[in-house]
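Novice: input-v6.txt is reproduced in full below (compact mmCIF, C-alpha atoms).
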# COMPACT_ATOMS: atom_id res chain seq x y z
CA MET A 1 -25.07 34.02 -7.86
CA PRO A 2 -23.94 35.94 -4.73
CA ALA A 3 -22.35 34.02 -1.86
CA HIS A 4 -25.09 35.28 0.44
CA PRO A 5 -28.35 35.69 -1.47
CA PRO A 6 -30.50 38.63 -0.42
CA HIS A 7 -33.63 37.80 1.46
CA GLY A 8 -37.05 39.34 1.27
CA LYS A 9 -40.69 38.57 1.67
CA THR A 10 -41.82 36.00 -0.90
CA LEU A 11 -45.30 36.35 -2.32
CA LEU A 12 -47.07 33.83 -4.49
CA THR A 13 -48.68 35.33 -7.55
CA GLY A 14 -50.36 32.64 -9.57
CA SER A 15 -47.90 29.77 -9.64
CA LYS A 16 -44.71 31.87 -9.51
CA PRO A 17 -43.05 33.18 -6.35
CA VAL A 18 -42.16 36.86 -6.52
CA ILE A 19 -39.69 38.63 -4.22
CA GLU A 20 -41.57 41.62 -2.80
CA ALA A 21 -38.59 43.56 -1.45
CA LEU A 22 -34.98 42.58 -1.73
CA MET A 23 -33.14 43.24 1.48
CA GLY A 24 -29.55 43.31 2.58
CA ILE A 25 -28.16 40.22 4.19
CA ARG A 26 -29.06 41.34 7.74
CA ASN A 27 -30.52 44.67 8.88
CA TYR A 28 -31.07 45.70 12.49
CA LEU A 29 -32.69 48.76 14.04
CA ILE A 30 -31.47 50.21 17.32
CA GLU A 31 -34.02 52.63 18.77
CA GLY A 32 -34.61 54.29 22.12
CA SER A 33 -35.70 57.56 23.59
CA SER A 34 -33.34 60.55 23.78
CA GLY A 35 -30.39 59.89 26.06
CA THR A 36 -30.52 56.09 26.04
CA GLY A 37 -27.26 55.73 24.12
CA LYS A 38 -28.13 55.18 20.45
CA THR A 39 -25.25 57.30 19.15
CA SER A 40 -22.74 55.75 21.58
CA VAL A 41 -23.85 52.24 20.59
CA ALA A 42 -23.56 53.18 16.90
CA SER A 43 -20.02 54.47 17.43
CA GLU A 44 -19.00 51.31 19.30
CA LEU A 45 -20.45 49.11 16.55
CA GLU A 46 -18.45 51.11 13.99
CA ARG A 47 -15.32 50.75 16.12
CA ARG A 48 -15.85 46.99 15.96
CA GLY A 49 -16.05 47.09 12.17
CA TYR A 50 -19.81 46.94 11.58
CA HIS A 51 -21.62 48.95 8.93
CA VAL A 52 -23.70 51.58 10.77
CA VAL A 53 -26.19 54.17 9.59
CA HIS A 54 -26.46 57.05 12.05
CA GLY A 55 -30.13 57.78 11.45
CA ASP A 56 -30.25 60.96 13.51
CA ARG A 57 -27.24 62.39 11.66
CA VAL A 58 -27.64 61.25 8.05
CA LEU A 59 -31.31 60.36 7.56
CA ALA A 60 -33.48 62.44 9.89
CA TYR A 61 -35.40 65.53 8.92
CA VAL A 62 -38.60 67.27 9.99
CA GLY A 63 -41.50 65.95 7.95
CA ASP A 64 -44.94 64.41 7.82
CA PRO A 65 -44.73 60.87 9.27
CA GLU A 66 -47.41 59.60 6.86
CA THR A 67 -46.42 61.22 3.55
CA GLY A 68 -42.70 61.86 4.15
CA ARG A 69 -43.11 65.42 2.87
CA ALA A 70 -40.57 67.81 4.43
CA LEU A 71 -42.12 70.49 6.63
CA ALA A 72 -40.80 73.98 7.34
CA GLY A 73 -41.88 74.15 10.96
CA PRO A 74 -44.75 73.91 13.40
CA PRO A 75 -48.08 75.53 12.66
CA GLU A 76 -48.88 78.70 14.57
CA GLY A 77 -49.73 77.97 18.18
CA ALA A 78 -48.25 74.46 18.23
CA ASP A 79 -45.82 73.47 20.95
CA ARG A 80 -42.52 73.72 19.06
CA ILE A 81 -40.75 71.00 21.05
CA ALA A 82 -43.52 68.39 20.98
CA TRP A 83 -44.25 69.13 17.32
CA GLY A 84 -40.59 68.78 16.34
CA TYR A 85 -40.27 65.49 18.19
CA ALA A 86 -43.45 64.11 16.56
CA HIS A 87 -42.21 65.05 13.08
CA TRP A 88 -38.62 63.73 13.29
CA ILE A 89 -38.63 61.16 10.46
CA TRP A 90 -36.43 59.22 8.05
CA PRO A 91 -36.97 59.02 4.27
CA ALA A 92 -38.58 55.59 3.86
CA GLU A 93 -37.30 55.15 0.30
CA LYS A 94 -33.71 55.82 1.38
CA VAL A 95 -34.03 53.38 4.30
CA ARG A 96 -35.32 50.76 1.83
CA ALA A 97 -32.40 51.39 -0.53
CA ILE A 98 -29.81 51.08 2.24
CA ALA A 99 -31.50 47.95 3.61
CA ALA A 100 -31.41 46.39 0.12
CA ASP A 101 -27.64 46.89 -0.19
CA THR A 102 -25.95 43.48 0.07
CA THR A 103 -22.44 44.97 0.17
CA HIS A 104 -22.33 44.54 3.96
CA PRO A 105 -23.22 41.32 5.77
CA VAL A 106 -24.83 43.35 8.56
CA THR A 107 -26.16 46.90 8.71
CA PHE A 108 -27.24 48.61 11.93
CA PHE A 109 -29.59 51.59 11.68
CA CYS A 110 -29.27 53.61 14.91
CA GLY A 111 -31.50 56.51 15.85
CA GLY A 112 -35.07 57.60 16.33
CA SER A 113 -37.77 58.03 13.73
CA ARG A 114 -41.47 58.73 14.15
CA ASN A 115 -42.32 57.02 10.87
CA PHE A 116 -40.63 53.69 11.66
CA HIS A 117 -43.92 51.96 10.81
CA LYS A 118 -43.14 52.70 7.13
CA PHE A 119 -40.03 50.50 7.12
CA LEU A 120 -40.03 48.36 10.28
CA HIS A 121 -40.62 45.22 8.19
CA LEU A 122 -37.14 45.63 6.66
CA PHE A 123 -35.37 44.74 9.90
CA ASP A 124 -34.44 41.26 11.05
CA LYS A 125 -34.63 42.45 14.65
CA VAL A 126 -35.39 45.68 16.48
CA PHE A 127 -33.51 46.55 19.67
CA VAL A 128 -34.92 49.21 22.00
CA LEU A 129 -32.45 50.77 24.41
CA ASP A 130 -33.85 51.46 27.86
CA ILE A 131 -32.44 52.97 31.03
CA ASP A 132 -33.73 53.97 34.44
CA VAL A 133 -34.87 57.57 35.01
CA GLU A 134 -31.93 58.44 37.28
CA THR A 135 -29.41 57.40 34.61
CA LEU A 136 -31.42 59.20 31.93
CA ASN A 137 -31.42 62.46 33.91
CA ARG A 138 -27.68 62.16 34.54
CA ARG A 139 -27.01 61.62 30.83
CA LEU A 140 -29.26 64.49 29.79
CA ASP A 141 -27.48 66.78 32.29
CA GLY A 142 -24.23 66.07 30.46
CA ARG A 143 -25.58 66.97 27.00
CA PRO A 144 -26.11 70.75 26.92
CA ASN A 145 -26.52 70.91 23.12
CA GLU A 146 -28.78 67.88 22.74
CA PRO A 147 -32.53 67.27 23.15
CA GLY A 148 -33.54 66.96 26.79
CA PHE A 149 -31.15 69.45 28.35
CA GLU A 150 -33.52 72.42 28.56
CA PRO A 151 -36.33 72.07 31.16
CA ALA A 152 -39.21 72.00 28.64
CA GLU A 153 -37.39 69.44 26.51
CA ARG A 154 -36.49 67.41 29.61
CA ALA A 155 -40.14 67.16 30.65
CA LEU A 156 -41.09 65.90 27.20
CA VAL A 157 -38.20 63.40 27.01
CA LEU A 158 -39.11 62.04 30.45
CA ARG A 159 -42.77 61.74 29.46
CA TYR A 160 -41.93 59.85 26.27
CA HIS A 161 -39.44 57.69 28.15
CA ASN A 162 -42.10 56.77 30.67
CA THR A 163 -44.90 56.12 28.15
CA ARG A 164 -42.62 54.59 25.46
CA GLU A 165 -44.58 56.67 22.98
CA TYR A 166 -42.89 56.82 19.56
CA LEU A 167 -40.93 53.60 20.19
CA PRO A 168 -41.39 50.42 18.18
CA ALA A 169 -41.88 47.04 19.80
CA GLY A 170 -38.61 45.18 20.01
CA ILE A 171 -36.06 43.45 22.16
CA ASN A 172 -35.54 45.57 25.26
CA ILE A 173 -31.85 46.22 25.99
CA ASP A 174 -30.74 47.55 29.37
CA ALA A 175 -28.47 50.39 28.30
CA ALA A 176 -27.57 51.72 31.76
CA GLY A 177 -24.23 49.90 31.82
CA SER A 178 -21.09 50.39 29.77
CA VAL A 179 -21.41 50.91 26.03
CA THR A 180 -19.22 47.87 25.36
CA GLY A 181 -21.51 45.74 27.54
CA VAL A 182 -24.62 47.05 25.76
CA VAL A 183 -23.11 46.25 22.35
CA ASP A 184 -22.05 42.81 23.57
CA ASP A 185 -25.66 42.19 24.66
CA ILE A 186 -27.01 43.25 21.26
CA LEU A 187 -24.49 41.18 19.31
CA ALA A 188 -25.24 38.10 21.41
CA GLN A 189 -28.86 38.27 20.19
CA LEU A 190 -28.24 38.48 16.44
CA THR A 191 -29.47 35.66 14.24
If you took the structure in this file and wrote it as structure tokens, what would it be?
Specialist:
Amino acid sequence: MPAHPPHGKTLLTGSKPVIEALMGIRNYLIEGSSGTGKTSVASELERRGYHVVHGDRVLAYVGDPETGRALAGPPEGADRIAWGYAHWIWPAEKVRAIAADTTHPVTFFCGGSRNFHKFLHLFDKVFVLDIDVETLNRRLDGRPNEPGFEPAERALVLRYHNTREYLPAGINIDAAGSVTGVVDDILAQLT
């Protein structure tokens, strides 16, 4: 028997409990719109020795948020930027497999995914990074090769930031301060 048994959702079928989905010991999602600091937070968590999955680097691809099928590109006439943003997803089966791994006491998934509804139930808590518009613009100005630098992308990022479209519900984290302070705030809220 492992020192820390995996946890999952228990269902009753007849008189026997059945574990629906085995999960790692603790799994957390860190989300936020472009420029809020997801990658910086992930790097700081790694520096502190935590297991981190950089979702935007190792999981994300352009696909159908409902089926998970990879897509080659936007249909003719579609706004390329908005379409790409709406189809930035993670493979749900791979997220489930990583979340089920009990090798690490804690795993942080950091990044954005438009199909989070397919695996949100796997996380013990969801943290949503948020910053004020002035800080967001300043950060986007300093990222010439990232989403939000070009004017058309910037307008879309600011719109999504304002509407919180494509963000899951979660614990709001003020990410305008130092990265170490943001990570301290997140770690103070773990269960």
Novice: Using all atoms listed in the file, which of A:Thr107, A:Asn162, A:Asn137, A:Asn172 sits nearest Glu150 (chain A)?
Specialist: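 Of the candidates, the smallest distance to Glu150 (chain A) is held by A:Asn137.
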Novice: Do you know which residues lie at most 10 Å from (-49.8, 60.2, 9.7), with coordinates as in the file and only C-alpha atoms counted, and could you write them as an NGL selection string?
Specialist: :A and (64-68 or 87 or 114-115)
Novice: Mind giving me the straight-line distance from CA of Leu59 (chain A) to CA of Trp90 (chain A) in Å, one decimal?
Specialist: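 Interatomic distance here is 5.3 Å.
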Novice: Can you tell me, as a PDB file with C-alpha atoms, in the coordinates of the input, what residues are no more than 7 Å from Val53 (chain A) when counting only C-alpha atoms, ignoring any on the same chain fewer than 6 positions away?
Specialist:
ATOM      1  CA  PHE A 108     -27.240  48.610  11.930  1.00  0.00           C
ATOM      2  CA  PHE A 109     -29.590  51.590  11.680  1.00  0.00           C
ATOM      3  CA  CYS A 110     -29.270  53.610  14.910  1.00  0.00           C
TER       4      CYS A 110
END
Novice: Excluding region 25-31 of chain A and any residue of its chain fewer than 2 positions from it, enumerate the residues within 7 Å of it, using all atoms listed in the file, and give them as an MDAnalysis selection string.
Specialist: chainID A and resid 4 6:7 23 38 99 102 105:112 123:129
Novice: Just give me the gap between CA of Val95 (chain A) and CA of Arg57 (chain A) in Å, one decimal is fine.
Specialist: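 Those two atoms sit 13.5 Å apart.
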Novice: What is the distance, in Å and to one decimal place, between CA of Ala176 (chain A) and CA of Leu122 (chain A)?
Specialist: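 Computing it gives 27.5 Å between the two atoms.
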Novice: Which residues are near region 144-146 of chain A? Cut-off 9 Å, only C-alpha atoms, ignore same chain within fewer than 3 positions. Put them as JSON, numbers by chain.
Specialist: {"A": [34, 35, 140, 141, 149, 150]}
Novice: If you take every atom of region 95-99 of chain A that the file lists and fit an axis-aligned box around them with 8 Å extra on each side, what centre and edge lengths come out in Å to one decimal, as JSON?
Specialist:
{"center_x": -32.6, "center_y": 50.7, "center_z": 1.9, "size_x": 21.5, "size_y": 21.4, "size_z": 20.8}
Novice: Please output region 123-137 of chain A, rebuilt to include N, CA, C and O atoms, as a PDB file, keeping the file's coordinate frame.
Specialist:
ATOM      1  N   PHE A 123     -36.376  45.106   8.912  1.00  0.00           N
ATOM      2  CA  PHE A 123     -35.370  44.740   9.900  1.00  0.00           C
ATOM      3  C   PHE A 123     -35.559  43.313  10.397  1.00  0.00           C
ATOM      4  O   PHE A 123     -36.666  42.871  10.670  1.00  0.00           O
ATOM      5  N   ASP A 124     -34.423  42.625  10.520  1.00  0.00           N
ATOM      6  CA  ASP A 124     -34.440  41.260  11.050  1.00  0.00           C
ATOM      7  C   ASP A 124     -34.795  41.272  12.533  1.00  0.00           C
ATOM      8  O   ASP A 124     -35.481  40.372  13.007  1.00  0.00           O
ATOM      9  N   LYS A 125     -34.297  42.270  13.237  1.00  0.00           N
ATOM     10  CA  LYS A 125     -34.630  42.450  14.650  1.00  0.00           C
ATOM     11  C   LYS A 125     -34.591  43.940  14.970  1.00  0.00           C
ATOM     12  O   LYS A 125     -33.868  44.716  14.339  1.00  0.00           O
ATOM     13  N   VAL A 126     -35.363  44.303  15.983  1.00  0.00           N
ATOM     14  CA  VAL A 126     -35.390  45.680  16.480  1.00  0.00           C
ATOM     15  C   VAL A 126     -34.966  45.625  17.945  1.00  0.00           C
ATOM     16  O   VAL A 126     -35.511  44.851  18.728  1.00  0.00           O
ATOM     17  N   PHE A 127     -33.976  46.445  18.289  1.00  0.00           N
ATOM     18  CA  PHE A 127     -33.510  46.550  19.670  1.00  0.00           C
ATOM     19  C   PHE A 127     -33.896  47.923  20.194  1.00  0.00           C
ATOM     20  O   PHE A 127     -33.675  48.928  19.524  1.00  0.00           O
ATOM     21  N   VAL A 128     -34.489  47.950  21.382  1.00  0.00           N
ATOM     22  CA  VAL A 128     -34.920  49.210  22.000  1.00  0.00           C
ATOM     23  C   VAL A 128     -34.107  49.421  23.266  1.00  0.00           C
ATOM     24  O   VAL A 128     -34.213  48.641  24.215  1.00  0.00           O
ATOM     25  N   LEU A 129     -33.272  50.457  23.251  1.00  0.00           N
ATOM     26  CA  LEU A 129     -32.450  50.770  24.410  1.00  0.00           C
ATOM     27  C   LEU A 129     -33.304  51.387  25.498  1.00  0.00           C
ATOM     28  O   LEU A 129     -34.161  52.237  25.225  1.00  0.00           O
ATOM     29  N   ASP A 130     -33.067  50.961  26.731  1.00  0.00           N
ATOM     30  CA  ASP A 130     -33.850  51.460  27.860  1.00  0.00           C
ATOM     31  C   ASP A 130     -32.921  51.669  29.049  1.00  0.00           C
ATOM     32  O   ASP A 130     -31.962  50.914  29.229  1.00  0.00           O
ATOM     33  N   ILE A 131     -33.204  52.692  29.816  1.00  0.00           N
ATOM     34  CA  ILE A 131     -32.440  52.970  31.030  1.00  0.00           C
ATOM     35  C   ILE A 131     -33.393  53.475  32.110  1.00  0.00           C
ATOM     36  O   ILE A 131     -34.517  53.883  31.819  1.00  0.00           O
ATOM     37  N   ASP A 132     -32.920  53.457  33.342  1.00  0.00           N
ATOM     38  CA  ASP A 132     -33.730  53.970  34.440  1.00  0.00           C
ATOM     39  C   ASP A 132     -33.723  55.508  34.400  1.00  0.00           C
ATOM     40  O   ASP A 132     -32.864  56.119  33.765  1.00  0.00           O
ATOM     41  N   VAL A 133     -34.695  56.118  35.058  1.00  0.00           N
ATOM     42  CA  VAL A 133     -34.870  57.570  35.010  1.00  0.00           C
ATOM     43  C   VAL A 133     -33.670  58.309  35.599  1.00  0.00           C
ATOM     44  O   VAL A 133     -33.252  59.347  35.078  1.00  0.00           O
ATOM     45  N   GLU A 134     -33.092  57.782  36.670  1.00  0.00           N
ATOM     46  CA  GLU A 134     -31.930  58.440  37.280  1.00  0.00           C
ATOM     47  C   GLU A 134     -30.770  58.513  36.285  1.00  0.00           C
ATOM     48  O   GLU A 134     -30.141  59.561  36.120  1.00  0.00           O
ATOM     49  N   THR A 135     -30.492  57.413  35.603  1.00  0.00           N
ATOM     50  CA  THR A 135     -29.410  57.400  34.610  1.00  0.00           C
ATOM     51  C   THR A 135     -29.750  58.325  33.453  1.00  0.00           C
ATOM     52  O   THR A 135     -28.885  59.057  32.960  1.00  0.00           O
ATOM     53  N   LEU A 136     -31.010  58.321  33.013  1.00  0.00           N
ATOM     54  CA  LEU A 136     -31.420  59.200  31.930  1.00  0.00           C
ATOM     55  C   LEU A 136     -31.197  60.657  32.294  1.00  0.00           C
ATOM     56  O   LEU A 136     -30.620  61.420  31.519  1.00  0.00           O
ATOM     57  N   ASN A 137     -31.622  61.066  33.481  1.00  0.00           N
ATOM     58  CA  ASN A 137     -31.420  62.460  33.910  1.00  0.00           C
ATOM     59  C   ASN A 137     -29.938  62.816  33.962  1.00  0.00           C
ATOM     60  O   ASN A 137     -29.543  63.898  33.545  1.00  0.00           O
TER      61      ASN A 137
END
